[in-house]
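Asks: Next up, query31.cif (mmCIF, C-alpha atoms).
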```
data_input
#
loop_
_atom_site.label_atom_id
_atom_site.label_comp_id
_atom_site.auth_asym_id
_atom_site.auth_seq_id
_atom_site.Cartn_x
_atom_site.Cartn_y
_atom_site.Cartn_z
CA MET A 151 5.89 26.20 9.85
CA SER A 152 4.49 27.46 13.14
CA TYR A 153 6.34 27.93 16.41
CA LEU A 154 4.32 25.00 17.79
CA ASP A 155 5.53 22.77 14.95
CA ILE A 156 9.10 23.81 15.71
CA PHE A 157 8.66 23.10 19.41
CA ILE A 158 7.10 19.67 18.90
CA GLY A 159 9.60 18.54 16.28
CA GLU A 160 12.73 19.81 17.97
CA PHE A 161 11.70 18.79 21.48
CA PHE A 162 10.93 15.19 20.58
CA GLY A 163 13.75 14.94 18.06
CA THR A 164 16.37 16.13 20.54
CA MET A 165 14.83 14.05 23.33
CA THR A 166 15.16 10.98 21.11
CA LEU A 167 18.78 11.82 20.31
CA LEU A 168 19.68 12.17 23.97
CA ILE A 169 17.85 9.02 25.06
CA PHE A 170 19.94 7.00 22.62
CA GLY A 171 23.14 9.03 23.07
CA VAL A 172 23.24 9.34 26.85
CA GLY A 173 21.85 5.82 27.00
CA VAL A 174 24.69 4.25 25.03
CA VAL A 175 27.31 6.07 27.12
CA ALA A 176 25.60 4.98 30.34
CA GLY A 177 25.53 1.41 29.12
CA VAL A 178 29.23 1.42 28.29
CA VAL A 179 30.47 3.37 31.33
CA LEU A 180 28.31 2.46 34.32
CA LYS A 181 28.99 -0.53 36.54
CA GLY A 182 26.94 -3.67 36.14
CA THR A 183 25.38 -3.14 32.71
CA LYS A 184 25.57 -5.87 30.07
CA SER A 185 27.36 -3.47 27.72
CA ASN A 186 29.87 -2.21 30.31
CA GLY A 187 33.32 -1.71 28.82
CA SER A 188 32.26 -2.28 25.22
CA GLY A 189 34.19 0.79 24.11
CA TRP A 190 34.38 3.87 21.95
CA ILE A 191 33.15 2.31 18.71
CA VAL A 192 29.90 1.29 20.42
CA ILE A 193 29.49 4.85 21.72
CA THR A 194 30.13 6.49 18.36
CA PHE A 195 27.74 4.23 16.49
CA GLY A 196 25.12 4.61 19.23
CA TRP A 197 25.26 8.37 18.83
CA GLY A 198 25.28 8.14 15.04
CA LEU A 199 22.25 5.88 14.87
CA GLY A 200 20.56 8.02 17.52
CA VAL A 201 20.97 11.04 15.25
CA ALA A 202 19.49 9.09 12.33
CA MET A 203 16.46 8.04 14.37
CA ALA A 204 15.93 11.61 15.58
CA VAL A 205 16.02 12.90 12.00
CA TYR A 206 13.51 10.26 10.88
CA ILE A 207 11.20 11.36 13.72
CA ALA A 208 11.43 15.14 13.37
CA GLY A 209 12.74 15.76 9.86
CA HIS A 210 9.33 15.95 8.20
CA LEU A 211 8.24 18.69 10.59
CA THR A 212 11.25 20.93 11.20
CA GLY A 213 14.16 19.54 9.20
CA ALA A 214 15.38 18.00 12.47
CA HIS A 215 18.09 20.44 13.48
CA ILE A 216 18.25 18.77 16.96
CA ASN A 217 21.33 20.93 17.50
CA PRO A 218 21.64 24.68 18.21
CA ALA A 219 24.79 24.76 16.06
CA VAL A 220 22.70 23.75 13.04
CA THR A 221 20.06 26.32 13.93
CA PHE A 222 22.59 29.11 14.46
CA ALA A 223 24.31 28.25 11.16
CA GLU A 224 21.00 28.59 9.32
CA TYR A 225 20.36 31.88 11.09
CA THR A 226 23.73 33.25 9.95
CA ALA A 227 22.89 32.11 6.40
CA GLY A 228 19.63 34.07 6.53
CA VAL A 229 17.35 31.02 6.50
CA LEU A 230 15.73 31.62 9.91
CA THR A 231 14.38 34.63 11.74
CA ILE A 232 15.57 35.43 15.26
CA GLY A 233 12.22 34.29 16.66
CA GLU A 234 12.41 30.93 14.91
CA THR A 235 16.00 30.55 16.02
CA LEU A 236 15.15 31.07 19.68
CA VAL A 237 12.24 28.61 19.56
CA TYR A 238 14.43 26.00 17.88
CA MET A 239 17.18 26.39 20.47
CA GLY A 240 14.87 26.48 23.48
CA SER A 241 13.05 23.35 22.31
CA GLN A 242 16.33 21.54 21.72
CA MET A 243 17.67 22.40 25.16
CA LEU A 244 14.48 21.27 26.88
CA GLY A 245 14.37 18.04 24.87
CA ALA A 246 17.99 17.30 25.76
CA PHE A 247 17.30 17.85 29.47
CA VAL A 248 14.28 15.55 29.43
CA GLY A 249 16.07 12.88 27.40
CA ALA A 250 18.97 12.79 29.84
CA GLY A 251 16.54 12.68 32.76
CA LEU A 252 14.77 9.64 31.31
CA VAL A 253 18.08 7.81 30.94
CA LEU A 254 18.91 8.65 34.56
CA ALA A 255 15.59 7.10 35.62
CA MET A 256 16.23 3.95 33.60
CA TYR A 257 19.82 3.43 34.73
CA TYR A 258 19.26 4.65 38.30
CA PRO A 259 20.39 1.41 40.03
CA HIS A 260 23.60 1.49 37.98
CA TYR A 261 24.25 5.11 38.93
CA LYS A 262 23.88 4.02 42.55
CA ALA A 263 26.30 1.11 42.04
CA GLU A 264 28.92 3.24 40.28
CA GLU A 265 31.45 4.80 42.68
CA ASP A 266 33.30 6.92 40.12
CA LYS A 267 31.79 10.41 40.11
CA GLY A 268 33.62 11.26 36.90
CA ALA A 269 32.10 8.26 35.15
CA LYS A 270 28.63 9.41 36.18
CA LEU A 271 29.24 12.89 34.76
CA ALA A 272 30.69 11.38 31.59
CA THR A 273 27.33 9.80 30.81
CA PHE A 274 25.77 13.26 30.75
CA SER A 275 28.35 15.62 29.27
CA THR A 276 31.66 15.78 27.47
CA ALA A 277 35.13 16.47 28.83
CA PRO A 278 38.56 16.63 27.20
CA GLU A 279 41.07 13.83 27.70
CA ILE A 280 43.81 16.49 27.91
CA ARG A 281 42.70 19.87 29.29
CA HIS A 282 44.25 22.39 26.95
CA THR A 283 41.80 25.14 26.13
CA PRO A 284 43.07 26.14 22.65
CA ALA A 285 43.22 22.51 21.53
CA ASN A 286 39.83 21.75 23.07
CA VAL A 287 38.24 24.75 21.33
CA PHE A 288 39.81 23.82 17.99
CA SER A 289 38.62 20.22 18.34
CA GLU A 290 35.01 21.30 18.82
CA VAL A 291 35.20 23.93 16.07
CA LEU A 292 36.63 21.46 13.56
CA GLY A 293 34.23 18.67 14.49
CA THR A 294 31.19 20.93 14.12
CA PHE A 295 32.60 22.49 10.95
CA MET A 296 32.69 19.02 9.40
CA LEU A 297 29.20 18.26 10.69
CA LEU A 298 27.61 21.26 8.97
CA PHE A 299 29.87 21.01 5.92
CA GLY A 300 28.83 17.37 5.58
CA ILE A 301 25.12 18.01 6.16
CA ALA A 302 25.21 20.75 3.52
CA GLY A 303 26.81 18.28 1.12
CA ILE A 304 24.16 15.65 1.79
CA ASN A 305 21.41 18.23 1.31
CA PHE A 306 23.02 19.51 -1.87
CA THR A 307 23.40 16.03 -3.35
CA ILE A 308 20.21 14.21 -2.36
CA GLY A 309 18.37 16.28 0.22
CA ILE A 310 17.87 14.85 3.69
CA GLU A 311 14.12 14.54 3.14
CA GLY A 312 14.31 14.06 -0.63
CA GLY A 313 16.77 11.24 -0.10
CA GLY A 314 14.04 9.18 1.57
CA PHE A 315 15.50 6.43 3.70
CA ALA A 316 19.09 7.35 2.87
CA GLY A 317 19.16 11.00 3.98
CA PRO A 318 18.84 10.64 7.76
CA LEU A 319 21.01 7.52 7.76
CA LEU A 320 23.79 9.40 6.00
CA VAL A 321 23.62 12.17 8.59
CA GLY A 322 23.90 9.53 11.30
CA LEU A 323 26.92 7.97 9.59
CA LEU A 324 28.45 11.45 9.32
CA VAL A 325 28.13 11.86 13.09
CA ALA A 326 29.62 8.40 13.61
CA VAL A 327 32.68 9.12 11.44
CA ILE A 328 33.20 12.47 13.20
CA GLY A 329 33.22 10.57 16.48
CA LEU A 330 35.61 7.93 15.19
CA SER A 331 38.00 10.39 13.54
CA LEU A 332 37.76 13.58 15.59
CA GLY A 333 35.97 12.66 18.80
CA GLY A 334 38.78 11.17 20.85
CA THR A 335 40.07 14.50 22.15
CA THR A 336 37.01 16.13 23.72
CA GLY A 337 34.23 13.56 23.29
CA TYR A 338 32.88 15.53 20.30
CA ALA A 339 29.93 17.44 21.71
CA ILE A 340 29.46 19.21 18.33
CA ASN A 341 26.06 20.19 19.72
CA PRO A 342 25.48 22.71 22.53
CA ALA A 343 22.17 21.10 23.54
CA ARG A 344 23.75 17.66 23.65
CA ASP A 345 26.23 18.89 26.26
CA LEU A 346 24.52 21.68 28.17
CA GLY A 347 21.08 20.08 28.47
CA PRO A 348 22.38 16.88 30.11
CA ARG A 349 24.92 18.84 32.17
CA LEU A 350 22.02 20.83 33.61
CA ALA A 351 20.22 17.54 34.25
CA HIS A 352 23.28 16.28 36.12
CA PHE A 353 23.34 19.48 38.17
CA PHE A 354 19.63 19.70 39.01
CA LEU A 355 18.45 16.06 39.13
CA PRO A 356 19.12 13.60 41.96
CA VAL A 357 22.03 11.66 40.47
CA PRO A 358 23.22 9.35 43.31
CA ASP A 359 26.43 10.53 44.97
CA LYS A 360 27.32 12.83 42.11
CA GLY A 361 30.28 15.16 41.98
CA ASP A 362 30.47 18.61 40.46
CA SER A 363 29.21 19.31 36.94
CA ASP A 364 32.54 20.70 35.63
CA TRP A 365 31.21 24.17 34.82
CA SER A 366 34.71 25.52 34.12
CA TYR A 367 34.72 23.54 30.87
CA ALA A 368 31.02 23.86 30.01
CA TRP A 369 31.41 26.95 27.80
CA VAL A 370 33.67 25.16 25.29
CA PRO A 371 31.09 22.65 23.96
CA VAL A 372 28.58 25.50 23.67
CA VAL A 373 30.54 28.35 22.09
CA ALA A 374 32.95 26.41 19.85
CA PRO A 375 30.22 24.36 18.08
CA LEU A 376 28.18 27.51 17.37
CA VAL A 377 31.20 29.08 15.65
CA GLY A 378 32.36 25.91 13.91
CA GLY A 379 28.92 25.01 12.61
CA ALA A 380 28.33 28.44 11.09
CA LEU A 381 31.76 28.33 9.46
CA GLY A 382 31.00 24.90 8.00
CA LEU A 383 27.68 25.85 6.41
CA LEU A 384 28.83 29.27 5.20
CA THR A 385 32.02 27.82 3.71
CA PHE A 386 30.02 25.24 1.78
CA GLU A 387 27.67 27.93 0.49
CA ALA A 388 30.60 30.06 -0.63
CA ALA A 389 32.52 27.21 -2.24
CA PHE A 390 29.75 25.24 -3.93
CA ASN A 391 26.76 27.57 -4.27
CA ASP A 392 28.66 30.77 -5.15
CA ASN A 393 26.86 32.35 -2.20
CA PHE A 394 29.36 34.80 -0.74
CA LEU A 395 27.47 35.80 2.36
CA VAL A 396 28.71 38.68 4.47
CA ALA A 397 28.31 36.40 7.49
CA LEU A 398 31.29 34.24 6.42
CA PRO A 399 34.03 36.83 7.06
CA ILE A 400 32.26 37.82 10.27
CA MET A 401 32.32 34.21 11.49
CA ILE A 402 35.98 33.84 10.45
CA VAL A 403 36.82 36.86 12.59
CA ALA A 404 34.72 35.42 15.43
CA TYR A 405 36.65 32.16 15.22
CA VAL A 406 40.03 33.91 15.21
CA VAL A 407 39.03 35.98 18.25
CA LEU A 408 37.76 32.86 20.04
CA GLN A 409 40.90 30.89 19.28
CA ILE A 410 43.18 33.70 20.46
CA ALA A 411 41.09 34.21 23.60
CA SER A 412 41.31 30.49 24.36
CA PHE A 413 45.02 30.87 25.05
CA PHE A 414 44.17 33.08 28.02
CA ILE A 415 41.29 30.98 29.41
CA SER A 416 41.84 27.92 31.54
CA VAL A 417 39.40 25.00 31.61
CA GLU A 418 41.48 23.10 34.15
CA LYS A 419 39.18 21.28 36.55
CA LYS A 420 39.58 22.48 40.11
#
```
Starting from the file, give its structure as C-alpha cells.
Replies:
Amino acid sequence: MSYLDIFIGEFFGTMTLLIFGVGVVAGVVLKGTKSNGSGWIVITFGWGLGVAMAVYIAGHLTGAHINPAVTFAEYTAGVLTIGETLVYMGSQMLGAFVGAGLVLAMYYPHYKAEEDKGAKLATFSTAPEIRHTPANVFSEVLGTFMLLFGIAGINFTIGIEGGGFAGPLLVGLLVAVIGLSLGGTTGYAINPARDLGPRLAHFFLPVPDKGDSDWSYAWVPVVAPLVGGALGLLTFEAAFNDNFLVALPIMIVAYVVLQIASFFISVEKK
C-alpha cells in the first residue's frame, strides 16, 4: 500500500464520515431544517451509518481507519511505520476539514438563521454537558477504548473486509451503541479528526455570526481518544491473542498520568 493509496482512501473516507456526521447534527440542531429537534437517537444513528458508509468506501484501500485513534493504536501495536502513521493522520484531518466545510456550504442559510452561537459550534465539534476535566477525559478514554476493543473483536471474528456486507455495518452499529450508551456526557468524539478537523473549519471558515471555537476544551477529544484507543486494541491483543506487547504497560502508565493531570487542568469555557 503506497502513501498515495493511504491519502486517497483516508481523505475520502473521513470526508464521507464528516459529511454524514456533521450533516446529521446540523439537521437536528440548526433552525429551520425539516429534521430540527429530532434528537439524540437520530444523531447517533446518523454517525453510526456514516461510519459504515465510510468503511465501505475506503476499507478496500486502507482498511478505513478514518480516525487517528485507530491509526495510533495500530502504530503502538507495531502494525504501521511512523511514516504511514503520519500520512494516515494527515489525510484524516484534511478529509474531516473538507467534509465539515461542505456541510457548512450546504446548510449556510440555516447557519445564518440560527442565532445560538453554541448551537453552530455544536454542529462542528463536541463539548461536555458538564465541564469536569477528569470526567470528560475518562468519558473519551472509555468510549474510544470500547471502539477499538469492539473493532478488534469484529476483525477477530469475521474480519471487516472478510465479513463482506456485514463488517462495515457492524462497525457502524458499534459507533451507534457507543453514542447511545456512552455519548451523552461529552458528545463522544472518540476520534481526534472528527473533532479537531471540523473545529478548525469552524475557526477558519466564514460561519455566519459564529462565536469562539472553545479551544480550552479542544485537547480533550484529541488526547483522550489516542490513549483510549491504544488501550482498547492492546488490551484485546493481550487478552485474546496472547500478544503481550510492551506497549500495553506503557499506554496504561500514559493513561494514569493523563487522568491524574486532568485533575489539575480546567476546561471551563471562559
Asks: Any idea what's packed within 12 Å of Trp369 of chain A, counting all atoms listed in the file, ignoring anything in its chain fewer than 4 positions away? Could you give it as a list in words?
Replies: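 Once the nearby chain positions are removed, what remains is Ser275, Thr276, Ala277, Thr283, Asn286, Val287, Glu290, Ala339, Asn341, Pro342, Ala343, Asp345, Leu346, Arg349, Asp364, Trp365, Val373, Ala374, Pro375, Leu376, Leu408, Ser412, Ile415, Ser416 and Val417 of chain A.
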Asks: Mind writing the picked residues with C-alpha atoms as a PDB file, in the coordinates of the input?
Replies:
```
ATOM      1  CA  SER A 275      28.350  15.620  29.270  1.00  0.00           C
ATOM      2  CA  THR A 276      31.660  15.780  27.470  1.00  0.00           C
ATOM      3  CA  ALA A 277      35.130  16.470  28.830  1.00  0.00           C
ATOM      4  CA  THR A 283      41.800  25.140  26.130  1.00  0.00           C
ATOM      5  CA  ASN A 286      39.830  21.750  23.070  1.00  0.00           C
ATOM      6  CA  VAL A 287      38.240  24.750  21.330  1.00  0.00           C
ATOM      7  CA  GLU A 290      35.010  21.300  18.820  1.00  0.00           C
ATOM      8  CA  ALA A 339      29.930  17.440  21.710  1.00  0.00           C
ATOM      9  CA  ASN A 341      26.060  20.190  19.720  1.00  0.00           C
ATOM     10  CA  PRO A 342      25.480  22.710  22.530  1.00  0.00           C
ATOM     11  CA  ALA A 343      22.170  21.100  23.540  1.00  0.00           C
ATOM     12  CA  ASP A 345      26.230  18.890  26.260  1.00  0.00           C
ATOM     13  CA  LEU A 346      24.520  21.680  28.170  1.00  0.00           C
ATOM     14  CA  ARG A 349      24.920  18.840  32.170  1.00  0.00           C
ATOM     15  CA  ASP A 364      32.540  20.700  35.630  1.00  0.00           C
ATOM     16  CA  TRP A 365      31.210  24.170  34.820  1.00  0.00           C
ATOM     17  CA  VAL A 373      30.540  28.350  22.090  1.00  0.00           C
ATOM     18  CA  ALA A 374      32.950  26.410  19.850  1.00  0.00           C
ATOM     19  CA  PRO A 375      30.220  24.360  18.080  1.00  0.00           C
ATOM     20  CA  LEU A 376      28.180  27.510  17.370  1.00  0.00           C
ATOM     21  CA  LEU A 408      37.760  32.860  20.040  1.00  0.00           C
ATOM     22  CA  SER A 412      41.310  30.490  24.360  1.00  0.00           C
ATOM     23  CA  ILE A 415      41.290  30.980  29.410  1.00  0.00           C
ATOM     24  CA  SER A 416      41.840  27.920  31.540  1.00  0.00           C
ATOM     25  CA  VAL A 417      39.400  25.000  31.610  1.00  0.00           C
TER      26      VAL A 417
END
```
Asks: Assuming the chain letters and numbering stay as they are in my file, what does the PyMOL selection byres ((chain A and resi 201) around 12) actually select? List them as a ChimeraX atom specification.
Replies: /A:163-172,194-200,202-209,214-217,297,317-326,341,344
Asks: For C-alpha atoms, I'd like the residues from the last selection saved as an mmCIF file, in the coordinates of the input.
Replies:
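Result went into out37.cif, see below:
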```
data_model
loop_
_atom_site.group_PDB
_atom_site.id
_atom_site.type_symbol
_atom_site.label_atom_id
_atom_site.label_comp_id
_atom_site.auth_asym_id
_atom_site.auth_seq_id
_atom_site.Cartn_x
_atom_site.Cartn_y
_atom_site.Cartn_z
ATOM 1 C CA GLY A 163 13.750 14.940 18.060
ATOM 2 C CA THR A 164 16.370 16.130 20.540
ATOM 3 C CA MET A 165 14.830 14.050 23.330
ATOM 4 C CA THR A 166 15.160 10.980 21.110
ATOM 5 C CA LEU A 167 18.780 11.820 20.310
ATOM 6 C CA LEU A 168 19.680 12.170 23.970
ATOM 7 C CA ILE A 169 17.850 9.020 25.060
ATOM 8 C CA PHE A 170 19.940 7.000 22.620
ATOM 9 C CA GLY A 171 23.140 9.030 23.070
ATOM 10 C CA VAL A 172 23.240 9.340 26.850
ATOM 11 C CA THR A 194 30.130 6.490 18.360
ATOM 12 C CA PHE A 195 27.740 4.230 16.490
ATOM 13 C CA GLY A 196 25.120 4.610 19.230
ATOM 14 C CA TRP A 197 25.260 8.370 18.830
ATOM 15 C CA GLY A 198 25.280 8.140 15.040
ATOM 16 C CA LEU A 199 22.250 5.880 14.870
ATOM 17 C CA GLY A 200 20.560 8.020 17.520
ATOM 18 C CA ALA A 202 19.490 9.090 12.330
ATOM 19 C CA MET A 203 16.460 8.040 14.370
ATOM 20 C CA ALA A 204 15.930 11.610 15.580
ATOM 21 C CA VAL A 205 16.020 12.900 12.000
ATOM 22 C CA TYR A 206 13.510 10.260 10.880
ATOM 23 C CA ILE A 207 11.200 11.360 13.720
ATOM 24 C CA ALA A 208 11.430 15.140 13.370
ATOM 25 C CA GLY A 209 12.740 15.760 9.860
ATOM 26 C CA ALA A 214 15.380 18.000 12.470
ATOM 27 C CA HIS A 215 18.090 20.440 13.480
ATOM 28 C CA ILE A 216 18.250 18.770 16.960
ATOM 29 C CA ASN A 217 21.330 20.930 17.500
ATOM 30 C CA LEU A 297 29.200 18.260 10.690
ATOM 31 C CA GLY A 317 19.160 11.000 3.980
ATOM 32 C CA PRO A 318 18.840 10.640 7.760
ATOM 33 C CA LEU A 319 21.010 7.520 7.760
ATOM 34 C CA LEU A 320 23.790 9.400 6.000
ATOM 35 C CA VAL A 321 23.620 12.170 8.590
ATOM 36 C CA GLY A 322 23.900 9.530 11.300
ATOM 37 C CA LEU A 323 26.920 7.970 9.590
ATOM 38 C CA LEU A 324 28.450 11.450 9.320
ATOM 39 C CA VAL A 325 28.130 11.860 13.090
ATOM 40 C CA ALA A 326 29.620 8.400 13.610
ATOM 41 C CA ASN A 341 26.060 20.190 19.720
ATOM 42 C CA ARG A 344 23.750 17.660 23.650
#
```
Asks: Name the residues that the PyMOL selection byres ((chain A and resi 401) around 9) picks from the file above, as a PDB file with C-alpha atoms, in the coordinates of the input, using the file's chain letters and numbers.
Replies:
```pdb
ATOM      1  CA  THR A 226      23.730  33.250   9.950  1.00  0.00           C
ATOM      2  CA  VAL A 377      31.200  29.080  15.650  1.00  0.00           C
ATOM      3  CA  GLY A 378      32.360  25.910  13.910  1.00  0.00           C
ATOM      4  CA  ALA A 380      28.330  28.440  11.090  1.00  0.00           C
ATOM      5  CA  LEU A 381      31.760  28.330   9.460  1.00  0.00           C
ATOM      6  CA  LEU A 384      28.830  29.270   5.200  1.00  0.00           C
ATOM      7  CA  ALA A 397      28.310  36.400   7.490  1.00  0.00           C
ATOM      8  CA  LEU A 398      31.290  34.240   6.420  1.00  0.00           C
ATOM      9  CA  PRO A 399      34.030  36.830   7.060  1.00  0.00           C
ATOM     10  CA  ILE A 400      32.260  37.820  10.270  1.00  0.00           C
ATOM     11  CA  ILE A 402      35.980  33.840  10.450  1.00  0.00           C
ATOM     12  CA  VAL A 403      36.820  36.860  12.590  1.00  0.00           C
ATOM     13  CA  ALA A 404      34.720  35.420  15.430  1.00  0.00           C
ATOM     14  CA  TYR A 405      36.650  32.160  15.220  1.00  0.00           C
ATOM     15  CA  VAL A 406      40.030  33.910  15.210  1.00  0.00           C
TER      16      VAL A 406
END
```
Asks: Neighbours of Pro284 of chain A within 9 Å (only C-alpha atoms; same-chain residues fewer than 4 positions away dropped), as a list in words?
Replies: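 The residues satisfying every condition are Phe288, Ser289, Leu408, Gln409, Ile410, Ala411, Ser412, Phe413, Phe414 and Ile415 of chain A.
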Asks: What does the structure give for the distance between atom CA of Trp190 of chain A and atom CA of Gly334 of chain A, in Å to one decimal?
Replies: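 Those two atoms sit 8.6 Å apart.
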Asks: Fewer than 4 positions away in the same chain doesn't count, so skip those; otherwise give me all residues within 10 Å of Gly240 of chain A, counting only C-alpha atoms, as a list in words.
Replies: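 With the cut-off at 10 Å, the set is Phe157, Glu160, Phe161, Pro218, Glu234, Thr235, Leu236, Leu244, Gly245, Ala246 and Ala343 of chain A.
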Asks: With only C-alpha atoms as the atoms that count, which of A:Met243, A:Ala316, A:Ile156, A:Ala223 lies nearest to Leu383 of chain A?
Replies: A:Ala223
Asks: From the set A:Ala255, A:Val220, A:Ala227, A:Leu180, which residue has the shortest atom-to-atom contact distance to Ile301 of chain A, counting only C-alpha atoms?
Replies: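 For Ile301 of chain A, the nearest of the given residues is A:Val220.
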Asks: Atom CA of Ala302 of chain A to atom CA of Ala285 of chain A: how many Å, to one decimal?
Replies: 25.5 Å
Asks: Please compute the atom CA of Asp362 of chain A-atom CA of Val175 of chain A distance, one decimal, in Å.
Replies: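 Atom CA of Asp362 of chain A sits 18.6 Å away from atom CA of Val175 of chain A.
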Asks: Pick out the closest residue to Ala272 of chain A from this set: A:Leu230, A:Ile328, A:Ala176, A:Leu395. Count only C-alpha atoms.
Replies: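 Nearest candidate to Ala272 of chain A out of A:Leu230, A:Ile328, A:Ala176, A:Leu395: A:Ala176.
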Asks: Check the smallest atom-to-atom distance from each of A:Thr336, A:Gly382, A:Asn393, A:Val248 to Ala219 of chain A using only C-alpha atoms, then report the winner.
Replies: A:Gly382
Asks: Quick one: of A:Gly333, A:Thr221, A:Ile340, A:Ala389, who's nearest to Gln242 of chain A, counting only C-alpha atoms?
Replies: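 The answer is A:Thr221, which sits nearest to Gln242 of chain A.
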